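Engineer: Below you will find the structure I want to go over with you.
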Amino acid sequence: MSHTPPLSPAVTGFSLPLGWVRVLPGVALCGAVAASAMGLQWLELSLVGFAWVEALVLAILTGAAIRLLWRPGPYWMAGIRFSAKTLLEIAIALLGATVSGAAVMALGPWLLLGIMAVVALAIVGGYLIGRAFGLPHAMALLVACGNAICGNSAIAAVAPVIKAEGEDVAAAIGFTAVLGIAVVLLVPVVGAMLGYQATGIGVLAGMTVYAVPQVLAAAAPAGSAAIQTGAVVKLVRVLMLGPVTLVLGLMQAKRDREKGDTRTRPGFWQLVPWFIIVFLGLLGLRSLGMIPGPVLVPLDHAVTAMTLMAMAGLGLMVDPAAVAKAGVRVASVAALSALMIGVMAVVAITILGMA
């Protein structure tokens with residue numbers, strides 16, 4: 001098998017830094033997958049007049065289908081990772097400009113408390129389910145935090161705090177990626193079965209789906225109101241990452257002292273995602289009327305394009321082998337934890353009267 005060497009700036013004819021040149025093939029691949037997803041959505045609209053499966057979901061499924069048939073090599077992976085992580089984070093950060101502070105305030109204090117309660121109970125309940133299935137302490141915590149907060153990002157942030165092993169992290173991330181796709185597909189169906197309006201579907205998506213872009217995919221069939229509500233609810237869940245990692249860090253410190261282990265842990269501010277800070281900053285500027293109206297439409301288009309490419313990258317990174325190696329127990333715990341969170345979300349929506 002021949003190996004195509006990485007492109008160099010001299011070959012491309014541009015003066016781009018080598019790091020940027022290396023990501024171009026994978027980014028182009030994600031762009032092609034995103035474009036195909038848009039094409040499939042257009043085909044849906046042409047044939048049935050309605051997009052039963054939105055482009056964001058189609059991008060994930062198309063990427064995952066390609067990954068099942070073909071494993072991208074190093075030539076592609078740099079750009080795929082860039083799309084799945086960096087473009088995703090940029091899209092989330094810019095999304096802040098499309099959400100007004102009034103939307104956050106409109107959620108009300110009771111919904112805010114409900115979100116925090118669901119996250120806390122989901123972590124405790126998920127951990128107990130994991131331990132009941134015989135998972136080690138660290139693995140049970142990783143799965144619980146991944147399901148309760150924001151999937152891979154939460155697992156990546158919590159892992160160094162609780163000193164999880166690499167195998168545990170890989171297994172937790174593998175199942176989160178697959179389960180995240182299932183949750184995205186199920187939320188619109190469950191919302192429709194329960195008769196939820198846009199707000200209810202947005203809250204359901206925000207409380208159950210792992211990543212912000214995936215929230216957009218799950219809420220999109222219910223319209224822009226559901227998307228905005230879901231994004232804000234999800235933001236509150238993501239912001240719980242800071243307090244949760246701090247508490248887990250304190251608990252781990254106690255365990256370390258008992259074992260005589262004094263290895264250092266990352267500081268609290270290292271665990272605050274930069275894109276959340278930018279999101280909040282842009283949200284504040286939008287609320288103060290400091291972002292010109294004409295900028296919002298192209299900005300929204302840019303967010304959509306980057307989100308599509310990020311979802312394509314996430315699909316291309318689903319690793320069937322890692323999922324298979326993790327075993328039935330981890331799969332069962334992850335699925336039961338996700339189901340538990342879904343039930344909690346439905347109960348919260350019912351109690352708060354937001355259906």
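Residue numbering restarts at 1 in every chain; chains get A, B, ... in the order shown in the structure tokens, and ligands count up from 1 in that same order.
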Find the residues of range 190-220 of chain A that sit at most 10 Å from range 109-127 of chain A; for each, write down the nearest two atoms and how far apart they are in Å, to one decimal. Count only C-alpha atoms. Sort by chain, then by number going up, and give it as CSV.
Structural biologist:
residue,atom,partner,partner_atom,distance
A:Val203,CA,A:Leu111,CA,9.1
A:Gly206,CA,A:Ile115,CA,9.1
A:Met207,CA,A:Ile115,CA,7.0
A:Thr208,CA,A:Val118,CA,9.7
Engineer: Go ahead and write the residues just picked, N, CA, C and O atoms, as an mmCIF file, in the first residue's frame.
Structural biologist:
data_model
loop_
_atom_site.group_PDB
_atom_site.id
_atom_site.type_symbol
_atom_site.label_atom_id
_atom_site.label_comp_id
_atom_site.auth_asym_id
_atom_site.auth_seq_id
_atom_site.Cartn_x
_atom_site.Cartn_y
_atom_site.Cartn_z
ATOM 1 N N VAL A 203 -36.085 21.792 26.124
ATOM 2 C CA VAL A 203 -35.627 21.436 27.474
ATOM 3 C C VAL A 203 -35.205 19.976 27.517
ATOM 4 O O VAL A 203 -34.175 19.630 28.114
ATOM 5 N N GLY A 206 -31.873 19.699 25.779
ATOM 6 C CA GLY A 206 -30.822 20.326 26.578
ATOM 7 C C GLY A 206 -30.440 19.525 27.802
ATOM 8 O O GLY A 206 -29.293 19.549 28.240
ATOM 9 N N MET A 207 -31.404 18.795 28.379
ATOM 10 C CA MET A 207 -31.140 18.033 29.594
ATOM 11 C C MET A 207 -30.553 16.660 29.326
ATOM 12 O O MET A 207 -29.970 16.057 30.224
ATOM 13 N N THR A 208 -30.724 16.136 28.119
ATOM 14 C CA THR A 208 -30.334 14.743 27.870
ATOM 15 C C THR A 208 -29.201 14.570 26.875
ATOM 16 O O THR A 208 -28.408 13.628 27.006
#
Engineer: When you look at range 29-35 of chain A with a cut-off of 7 Å (counting only C-alpha atoms), what residues show up, excluding the ones that are within fewer than 5 positions of it in the same chain? I need them as a list in words.
Structural biologist: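 Here the answer would be Ala59, Thr62, Gly63, Ile80, Leu308, Met309, Ala312 and Gly313 of chain A.
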Engineer: Restricting the calculation to only C-alpha atoms: of A:Met77, A:Val333, A:Ile227, A:Leu58, which residue gets closest to Pro25 in chain A?
Structural biologist: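 Of A:Met77, A:Val333, A:Ile227, A:Leu58, the one nearest Pro25 in chain A is A:Met77, counting only C-alpha atoms.
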Engineer: Report as a PDB file with N, CA, C and O atoms, in the first residue's frame all protein, DNA and RNA residues lying within 12 Å of range 89-94 of chain A, evaluated on only C-alpha atoms, omitting residues in the same chain fewer than 6 positions from it.
Structural biologist:
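Wrote out.pdb, looks like this:
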ATOM      1  N   ARG A  81      -9.897  15.447  13.643  1.00  0.00           N
ATOM      2  CA  ARG A  81      -9.875  15.877  15.046  1.00  0.00           C
ATOM      3  C   ARG A  81     -10.076  17.384  15.164  1.00  0.00           C
ATOM      4  O   ARG A  81     -10.762  17.867  16.074  1.00  0.00           O
ATOM      5  N   PHE A  82      -9.459  18.134  14.257  1.00  0.00           N
ATOM      6  CA  PHE A  82      -9.614  19.586  14.259  1.00  0.00           C
ATOM      7  C   PHE A  82     -11.082  19.955  14.058  1.00  0.00           C
ATOM      8  O   PHE A  82     -11.618  20.828  14.750  1.00  0.00           O
ATOM      9  N   SER A  83     -11.748  19.283  13.136  1.00  0.00           N
ATOM     10  CA  SER A  83     -13.157  19.568  12.877  1.00  0.00           C
ATOM     11  C   SER A  83     -14.024  19.183  14.068  1.00  0.00           C
ATOM     12  O   SER A  83     -14.911  19.940  14.479  1.00  0.00           O
ATOM     13  N   SER A 153     -16.354  15.677  26.585  1.00  0.00           N
ATOM     14  CA  SER A 153     -15.690  16.798  27.247  1.00  0.00           C
ATOM     15  C   SER A 153     -15.662  16.599  28.754  1.00  0.00           C
ATOM     16  O   SER A 153     -14.657  16.870  29.413  1.00  0.00           O
ATOM     17  N   ALA A 211     -23.603  16.867  23.705  1.00  0.00           N
ATOM     18  CA  ALA A 211     -22.856  18.022  23.215  1.00  0.00           C
ATOM     19  C   ALA A 211     -23.808  19.090  22.690  1.00  0.00           C
ATOM     20  O   ALA A 211     -24.898  18.783  22.198  1.00  0.00           O
ATOM     21  N   VAL A 212     -23.370  20.360  22.770  1.00  0.00           N
ATOM     22  CA  VAL A 212     -24.212  21.458  22.315  1.00  0.00           C
ATOM     23  C   VAL A 212     -24.598  21.304  20.844  1.00  0.00           C
ATOM     24  O   VAL A 212     -25.776  21.470  20.496  1.00  0.00           O
ATOM     25  N   PRO A 213     -23.671  20.998  19.933  1.00  0.00           N
ATOM     26  CA  PRO A 213     -24.091  20.818  18.540  1.00  0.00           C
ATOM     27  C   PRO A 213     -25.108  19.696  18.382  1.00  0.00           C
ATOM     28  O   PRO A 213     -26.008  19.775  17.545  1.00  0.00           O
ATOM     29  N   GLN A 214     -24.971  18.637  19.192  1.00  0.00           N
ATOM     30  CA  GLN A 214     -25.938  17.550  19.121  1.00  0.00           C
ATOM     31  C   GLN A 214     -27.297  17.994  19.639  1.00  0.00           C
ATOM     32  O   GLN A 214     -28.332  17.507  19.192  1.00  0.00           O
ATOM     33  N   VAL A 215     -27.302  18.935  20.582  1.00  0.00           N
ATOM     34  CA  VAL A 215     -28.565  19.509  21.056  1.00  0.00           C
ATOM     35  C   VAL A 215     -29.278  20.206  19.901  1.00  0.00           C
ATOM     36  O   VAL A 215     -30.496  20.096  19.739  1.00  0.00           O
ATOM     37  N   LEU A 216     -28.498  20.920  19.090  1.00  0.00           N
ATOM     38  CA  LEU A 216     -29.086  21.595  17.936  1.00  0.00           C
ATOM     39  C   LEU A 216     -29.721  20.580  16.993  1.00  0.00           C
ATOM     40  O   LEU A 216     -30.818  20.799  16.473  1.00  0.00           O
ATOM     41  N   ALA A 231     -30.155  25.022  23.645  1.00  0.00           N
ATOM     42  CA  ALA A 231     -28.782  25.511  23.776  1.00  0.00           C
ATOM     43  C   ALA A 231     -28.543  26.137  25.142  1.00  0.00           C
ATOM     44  O   ALA A 231     -27.505  25.919  25.772  1.00  0.00           O
ATOM     45  N   VAL A 232     -29.513  26.906  25.617  1.00  0.00           N
ATOM     46  CA  VAL A 232     -29.340  27.573  26.915  1.00  0.00           C
ATOM     47  C   VAL A 232     -29.382  26.555  28.051  1.00  0.00           C
ATOM     48  O   VAL A 232     -28.576  26.619  28.995  1.00  0.00           O
ATOM     49  N   LYS A 234     -28.600  23.416  27.827  1.00  0.00           N
ATOM     50  CA  LYS A 234     -27.349  22.670  27.740  1.00  0.00           C
ATOM     51  C   LYS A 234     -26.188  23.482  28.302  1.00  0.00           C
ATOM     52  O   LYS A 234     -25.282  22.926  28.943  1.00  0.00           O
ATOM     53  N   LEU A 235     -26.186  24.794  28.062  1.00  0.00           N
ATOM     54  CA  LEU A 235     -25.126  25.642  28.596  1.00  0.00           C
ATOM     55  C   LEU A 235     -25.068  25.544  30.114  1.00  0.00           C
ATOM     56  O   LEU A 235     -23.983  25.435  30.699  1.00  0.00           O
ATOM     57  N   VAL A 238     -23.382  22.362  30.988  1.00  0.00           N
ATOM     58  CA  VAL A 238     -21.934  22.436  30.761  1.00  0.00           C
ATOM     59  C   VAL A 238     -21.259  23.226  31.879  1.00  0.00           C
ATOM     60  O   VAL A 238     -20.170  22.876  32.350  1.00  0.00           O
ATOM     61  N   PRO A 273     -13.751  25.359  30.189  1.00  0.00           N
ATOM     62  CA  PRO A 273     -13.544  25.408  28.740  1.00  0.00           C
ATOM     63  C   PRO A 273     -13.529  26.844  28.227  1.00  0.00           C
ATOM     64  O   PRO A 273     -14.383  27.651  28.594  1.00  0.00           O
ATOM     65  N   TRP A 274     -12.564  27.161  27.342  1.00  0.00           N
ATOM     66  CA  TRP A 274     -12.443  28.520  26.826  1.00  0.00           C
ATOM     67  C   TRP A 274     -13.677  28.928  26.040  1.00  0.00           C
ATOM     68  O   TRP A 274     -14.085  30.097  26.068  1.00  0.00           O
ATOM     69  N   PHE A 275     -14.286  27.962  25.347  1.00  0.00           N
ATOM     70  CA  PHE A 275     -15.415  28.325  24.504  1.00  0.00           C
ATOM     71  C   PHE A 275     -16.645  28.712  25.326  1.00  0.00           C
ATOM     72  O   PHE A 275     -17.505  29.453  24.842  1.00  0.00           O
ATOM     73  N   ILE A 276     -16.716  28.230  26.564  1.00  0.00           N
ATOM     74  CA  ILE A 276     -17.821  28.648  27.431  1.00  0.00           C
ATOM     75  C   ILE A 276     -17.631  30.100  27.840  1.00  0.00           C
ATOM     76  O   ILE A 276     -18.595  30.885  27.905  1.00  0.00           O
ATOM     77  N   ILE A 277     -16.374  30.488  28.109  1.00  0.00           N
ATOM     78  CA  ILE A 277     -16.096  31.878  28.470  1.00  0.00           C
ATOM     79  C   ILE A 277     -16.452  32.804  27.314  1.00  0.00           C
ATOM     80  O   ILE A 277     -17.090  33.849  27.489  1.00  0.00           O
ATOM     81  N   VAL A 278     -16.049  32.419  26.078  1.00  0.00           N
ATOM     82  CA  VAL A 278     -16.373  33.232  24.903  1.00  0.00           C
ATOM     83  C   VAL A 278     -17.878  33.248  24.671  1.00  0.00           C
ATOM     84  O   VAL A 278     -18.456  34.288  24.339  1.00  0.00           O
ATOM     85  N   PHE A 279     -18.519  32.091  24.827  1.00  0.00           N
ATOM     86  CA  PHE A 279     -19.974  32.016  24.679  1.00  0.00           C
ATOM     87  C   PHE A 279     -20.650  33.032  25.595  1.00  0.00           C
ATOM     88  O   PHE A 279     -21.522  33.796  25.165  1.00  0.00           O
ATOM     89  N   LEU A 280     -20.269  33.038  26.859  1.00  0.00           N
ATOM     90  CA  LEU A 280     -20.879  33.957  27.821  1.00  0.00           C
ATOM     91  C   LEU A 280     -20.565  35.408  27.474  1.00  0.00           C
ATOM     92  O   LEU A 280     -21.419  36.290  27.626  1.00  0.00           O
ATOM     93  N   GLY A 281     -19.327  35.658  26.998  1.00  0.00           N
ATOM     94  CA  GLY A 281     -18.966  37.020  26.625  1.00  0.00           C
ATOM     95  C   GLY A 281     -19.804  37.528  25.464  1.00  0.00           C
ATOM     96  O   GLY A 281     -20.319  38.657  25.484  1.00  0.00           O
ATOM     97  N   LEU A 282     -19.956  36.697  24.425  1.00  0.00           N
ATOM     98  CA  LEU A 282     -20.763  37.094  23.279  1.00  0.00           C
ATOM     99  C   LEU A 282     -22.237  37.208  23.649  1.00  0.00           C
ATOM    100  O   LEU A 282     -22.960  38.076  23.137  1.00  0.00           O
ATOM    101  N   LEU A 283     -22.696  36.323  24.537  1.00  0.00           N
ATOM    102  CA  LEU A 283     -24.071  36.410  25.005  1.00  0.00           C
ATOM    103  C   LEU A 283     -24.308  37.757  25.693  1.00  0.00           C
ATOM    104  O   LEU A 283     -25.344  38.404  25.494  1.00  0.00           O
ATOM    105  N   LEU A 285     -22.584  40.568  25.186  1.00  0.00           N
ATOM    106  CA  LEU A 285     -22.553  41.625  24.174  1.00  0.00           C
ATOM    107  C   LEU A 285     -23.863  41.672  23.393  1.00  0.00           C
ATOM    108  O   LEU A 285     -24.383  42.759  23.100  1.00  0.00           O
ATOM    109  N   ARG A 286     -24.412  40.497  23.063  1.00  0.00           N
ATOM    110  CA  ARG A 286     -25.696  40.462  22.344  1.00  0.00           C
ATOM    111  C   ARG A 286     -26.798  41.048  23.215  1.00  0.00           C
ATOM    112  O   ARG A 286     -27.661  41.803  22.735  1.00  0.00           O
ATOM    113  N   ILE A 291     -23.751  43.827  19.376  1.00  0.00           N
ATOM    114  CA  ILE A 291     -23.449  43.075  18.155  1.00  0.00           C
ATOM    115  C   ILE A 291     -24.425  43.540  17.082  1.00  0.00           C
ATOM    116  O   ILE A 291     -25.636  43.386  17.236  1.00  0.00           O
ATOM    117  N   VAL A 295     -24.761  41.427  11.276  1.00  0.00           N
ATOM    118  CA  VAL A 295     -23.718  40.412  11.468  1.00  0.00           C
ATOM    119  C   VAL A 295     -24.323  39.060  11.857  1.00  0.00           C
ATOM    120  O   VAL A 295     -23.732  38.005  11.611  1.00  0.00           O
ATOM    121  N   LEU A 296     -25.518  39.084  12.445  1.00  0.00           N
ATOM    122  CA  LEU A 296     -26.077  37.877  13.029  1.00  0.00           C
ATOM    123  C   LEU A 296     -26.415  36.804  11.994  1.00  0.00           C
ATOM    124  O   LEU A 296     -26.218  35.609  12.245  1.00  0.00           O
ATOM    125  N   PRO A 298     -25.062  36.142   8.781  1.00  0.00           N
ATOM    126  CA  PRO A 298     -23.888  35.380   8.322  1.00  0.00           C
ATOM    127  C   PRO A 298     -23.218  34.608   9.457  1.00  0.00           C
ATOM    128  O   PRO A 298     -22.661  33.524   9.233  1.00  0.00           O
ATOM    129  N   LEU A 299     -23.271  35.145  10.664  1.00  0.00           N
ATOM    130  CA  LEU A 299     -22.699  34.441  11.803  1.00  0.00           C
ATOM    131  C   LEU A 299     -23.458  33.144  12.056  1.00  0.00           C
ATOM    132  O   LEU A 299     -22.860  32.099  12.329  1.00  0.00           O
ATOM    133  N   ASP A 300     -24.771  33.206  11.925  1.00  0.00           N
ATOM    134  CA  ASP A 300     -25.587  32.006  12.110  1.00  0.00           C
ATOM    135  C   ASP A 300     -25.266  30.970  11.047  1.00  0.00           C
ATOM    136  O   ASP A 300     -25.179  29.765  11.343  1.00  0.00           O
ATOM    137  N   HIS A 301     -25.066  31.412   9.801  1.00  0.00           N
ATOM    138  CA  HIS A 301     -24.693  30.486   8.729  1.00  0.00           C
ATOM    139  C   HIS A 301     -23.325  29.841   9.005  1.00  0.00           C
ATOM    140  O   HIS A 301     -23.130  28.644   8.760  1.00  0.00           O
ATOM    141  N   ALA A 302     -22.395  30.639   9.510  1.00  0.00           N
ATOM    142  CA  ALA A 302     -21.062  30.115   9.824  1.00  0.00           C
ATOM    143  C   ALA A 302     -21.138  29.077  10.931  1.00  0.00           C
ATOM    144  O   ALA A 302     -20.474  28.029  10.866  1.00  0.00           O
ATOM    145  N   VAL A 303     -21.945  29.360  11.949  1.00  0.00           N
ATOM    146  CA  VAL A 303     -22.124  28.404  13.044  1.00  0.00           C
ATOM    147  C   VAL A 303     -22.704  27.100  12.520  1.00  0.00           C
ATOM    148  O   VAL A 303     -22.254  26.005  12.887  1.00  0.00           O
ATOM    149  N   THR A 304     -23.695  27.197  11.640  1.00  0.00           N
ATOM    150  CA  THR A 304     -24.315  25.993  11.073  1.00  0.00           C
ATOM    151  C   THR A 304     -23.305  25.168  10.278  1.00  0.00           C
ATOM    152  O   THR A 304     -23.230  23.939  10.427  1.00  0.00           O
ATOM    153  N   ALA A 305     -22.500  25.848   9.444  1.00  0.00           N
ATOM    154  CA  ALA A 305     -21.518  25.139   8.629  1.00  0.00           C
ATOM    155  C   ALA A 305     -20.475  24.444   9.499  1.00  0.00           C
ATOM    156  O   ALA A 305     -20.149  23.262   9.282  1.00  0.00           O
ATOM    157  N   MET A 306     -19.945  25.153  10.487  1.00  0.00           N
ATOM    158  CA  MET A 306     -18.928  24.552  11.356  1.00  0.00           C
ATOM    159  C   MET A 306     -19.515  23.421  12.184  1.00  0.00           C
ATOM    160  O   MET A 306     -18.847  22.413  12.448  1.00  0.00           O
ATOM    161  N   THR A 307     -20.769  23.581  12.613  1.00  0.00           N
ATOM    162  CA  THR A 307     -21.416  22.538  13.395  1.00  0.00           C
ATOM    163  C   THR A 307     -21.604  21.276  12.555  1.00  0.00           C
ATOM    164  O   THR A 307     -21.378  20.153  13.027  1.00  0.00           O
ATOM    165  N   LEU A 308     -22.016  21.439  11.298  1.00  0.00           N
ATOM    166  CA  LEU A 308     -22.158  20.293  10.399  1.00  0.00           C
ATOM    167  C   LEU A 308     -20.823  19.563  10.233  1.00  0.00           C
ATOM    168  O   LEU A 308     -20.761  18.326  10.289  1.00  0.00           O
ATOM    169  N   MET A 309     -19.756  20.314  10.032  1.00  0.00           N
ATOM    170  CA  MET A 309     -18.442  19.703   9.861  1.00  0.00           C
ATOM    171  C   MET A 309     -17.984  19.023  11.149  1.00  0.00           C
ATOM    172  O   MET A 309     -17.356  17.949  11.115  1.00  0.00           O
ATOM    173  N   ALA A 310     -18.289  19.635  12.285  1.00  0.00           N
ATOM    174  CA  ALA A 310     -17.922  19.032  13.565  1.00  0.00           C
ATOM    175  C   ALA A 310     -18.662  17.724  13.782  1.00  0.00           C
ATOM    176  O   ALA A 310     -18.082  16.732  14.241  1.00  0.00           O
ATOM    177  N   MET A 311     -19.947  17.705  13.427  1.00  0.00           N
ATOM    178  CA  MET A 311     -20.706  16.483  13.602  1.00  0.00           C
ATOM    179  C   MET A 311     -20.202  15.386  12.665  1.00  0.00           C
ATOM    180  O   MET A 311     -20.176  14.209  13.027  1.00  0.00           O
TER     181      MET A 311
END
Engineer: I'd like the interatomic distance between CA of Ala171 in chain A and CA of Ala218 in chain A, to a tenth of an Å.
Structural biologist: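 Result for CA of Ala171 in chain A versus CA of Ala218 in chain A: 24.4 Å, one decimal.
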Engineer: Which is closest to Val297 in chain A among A:Ala345, A:Leu61, A:Leu88, A:Ala97, if we use only C-alpha atoms?
Structural biologist: A:Ala97
Engineer: Which of these, A:Val189, A:Ala154, A:Ala217, A:Ile162, has the shortest distance to Gly242 in chain A once you count only C-alpha atoms?
Structural biologist: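 Answer, going by the shortest atom-to-atom distance: A:Ala154.
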Engineer: Measuring between only C-alpha atoms, which one of A:Ala335, A:Ala205, A:Ala138, A:Ala64 shows the shortest distance to Arg237 in chain A?
Structural biologist: A:Ala205
Engineer: Would you mind listing what lies within 8 Å of Asp168 in chain A as a list of chain:residue names, with only C-alpha atoms counted and same-chain residues fewer than 3 positions away left out?
Structural biologist: A:Ala138, A:Met139, A:Leu142, A:Ala164, A:Glu165, A:Ala171, A:Ala172
Engineer: Determine, counting only C-alpha atoms, which protein, DNA and RNA residues have an atom within 8 Å of an atom of Ile181 in chain A; residues of the same chain fewer than 2 positions away are not included. Present the result as a PDB file with all heavy atoms, in the first residue's frame.
Structural biologist:
ATOM      1  N   VAL A  57     -27.988  15.613  12.049  1.00  0.00           N
ATOM      2  CA  VAL A  57     -28.030  14.185  12.384  1.00  0.00           C
ATOM      3  C   VAL A  57     -27.470  13.362  11.236  1.00  0.00           C
ATOM      4  O   VAL A  57     -26.721  12.398  11.440  1.00  0.00           O
ATOM      5  CB  VAL A  57     -29.469  13.748  12.712  1.00  0.00           C
ATOM      6  CG1 VAL A  57     -29.518  12.262  13.018  1.00  0.00           C
ATOM      7  CG2 VAL A  57     -30.023  14.554  13.878  1.00  0.00           C
ATOM      8  N   ILE A  60     -23.708  13.164  11.283  1.00  0.00           N
ATOM      9  CA  ILE A  60     -23.181  12.182  12.232  1.00  0.00           C
ATOM     10  C   ILE A  60     -23.298  10.777  11.645  1.00  0.00           C
ATOM     11  O   ILE A  60     -22.344   9.990  11.652  1.00  0.00           O
ATOM     12  CB  ILE A  60     -23.956  12.212  13.565  1.00  0.00           C
ATOM     13  CG1 ILE A  60     -23.989  13.605  14.158  1.00  0.00           C
ATOM     14  CG2 ILE A  60     -23.349  11.232  14.568  1.00  0.00           C
ATOM     15  CD1 ILE A  60     -24.859  13.708  15.385  1.00  0.00           C
ATOM     16  N   LEU A  61     -24.499  10.447  11.144  1.00  0.00           N
ATOM     17  CA  LEU A  61     -24.740   9.098  10.642  1.00  0.00           C
ATOM     18  C   LEU A  61     -23.865   8.783   9.434  1.00  0.00           C
ATOM     19  O   LEU A  61     -23.342   7.669   9.307  1.00  0.00           O
ATOM     20  CB  LEU A  61     -26.216   8.948  10.281  1.00  0.00           C
ATOM     21  CG  LEU A  61     -27.205   9.038  11.451  1.00  0.00           C
ATOM     22  CD1 LEU A  61     -28.629   8.947  10.939  1.00  0.00           C
ATOM     23  CD2 LEU A  61     -26.930   7.955  12.474  1.00  0.00           C
ATOM     24  N   ALA A 177     -19.828   8.263  22.595  1.00  0.00           N
ATOM     25  CA  ALA A 177     -19.978   8.691  21.208  1.00  0.00           C
ATOM     26  C   ALA A 177     -21.142   7.973  20.541  1.00  0.00           C
ATOM     27  O   ALA A 177     -21.983   8.589  19.867  1.00  0.00           O
ATOM     28  CB  ALA A 177     -18.683   8.431  20.440  1.00  0.00           C
ATOM     29  N   VAL A 178     -21.215   6.645  20.731  1.00  0.00           N
ATOM     30  CA  VAL A 178     -22.290   5.869  20.118  1.00  0.00           C
ATOM     31  C   VAL A 178     -23.631   6.203  20.755  1.00  0.00           C
ATOM     32  O   VAL A 178     -24.637   6.435  20.071  1.00  0.00           O
ATOM     33  CB  VAL A 178     -22.001   4.360  20.246  1.00  0.00           C
ATOM     34  CG1 VAL A 178     -23.184   3.543  19.744  1.00  0.00           C
ATOM     35  CG2 VAL A 178     -20.742   4.007  19.477  1.00  0.00           C
ATOM     36  N   LEU A 179     -23.662   6.254  22.091  1.00  0.00           N
ATOM     37  CA  LEU A 179     -24.906   6.536  22.797  1.00  0.00           C
ATOM     38  C   LEU A 179     -25.400   7.946  22.501  1.00  0.00           C
ATOM     39  O   LEU A 179     -26.612   8.194  22.424  1.00  0.00           O
ATOM     40  CB  LEU A 179     -24.686   6.356  24.304  1.00  0.00           C
ATOM     41  CG  LEU A 179     -25.938   6.210  25.170  1.00  0.00           C
ATOM     42  CD1 LEU A 179     -26.773   5.015  24.717  1.00  0.00           C
ATOM     43  CD2 LEU A 179     -25.543   6.044  26.630  1.00  0.00           C
ATOM     44  N   VAL A 183     -29.165   9.090  21.406  1.00  0.00           N
ATOM     45  CA  VAL A 183     -29.968  10.068  22.141  1.00  0.00           C
ATOM     46  C   VAL A 183     -30.458  11.165  21.204  1.00  0.00           C
ATOM     47  O   VAL A 183     -31.615  11.596  21.271  1.00  0.00           O
ATOM     48  CB  VAL A 183     -29.164  10.666  23.313  1.00  0.00           C
ATOM     49  CG1 VAL A 183     -29.940  11.798  23.978  1.00  0.00           C
ATOM     50  CG2 VAL A 183     -28.840   9.591  24.342  1.00  0.00           C
ATOM     51  N   VAL A 184     -29.586  11.627  20.314  1.00  0.00           N
ATOM     52  CA  VAL A 184     -29.975  12.666  19.348  1.00  0.00           C
ATOM     53  C   VAL A 184     -31.160  12.197  18.506  1.00  0.00           C
ATOM     54  O   VAL A 184     -32.102  12.951  18.249  1.00  0.00           O
ATOM     55  CB  VAL A 184     -28.783  13.034  18.441  1.00  0.00           C
ATOM     56  CG1 VAL A 184     -29.239  13.923  17.290  1.00  0.00           C
ATOM     57  CG2 VAL A 184     -27.717  13.758  19.245  1.00  0.00           C
ATOM     58  N   LEU A 185     -31.117  10.939  18.078  1.00  0.00           N
ATOM     59  CA  LEU A 185     -32.184  10.405  17.235  1.00  0.00           C
ATOM     60  C   LEU A 185     -33.480  10.185  18.011  1.00  0.00           C
ATOM     61  O   LEU A 185     -34.583  10.309  17.455  1.00  0.00           O
ATOM     62  CB  LEU A 185     -31.731   9.084  16.608  1.00  0.00           C
ATOM     63  CG  LEU A 185     -30.525   9.171  15.660  1.00  0.00           C
ATOM     64  CD1 LEU A 185     -30.093   7.778  15.225  1.00  0.00           C
ATOM     65  CD2 LEU A 185     -30.853  10.019  14.445  1.00  0.00           C
TER      66      LEU A 185
END
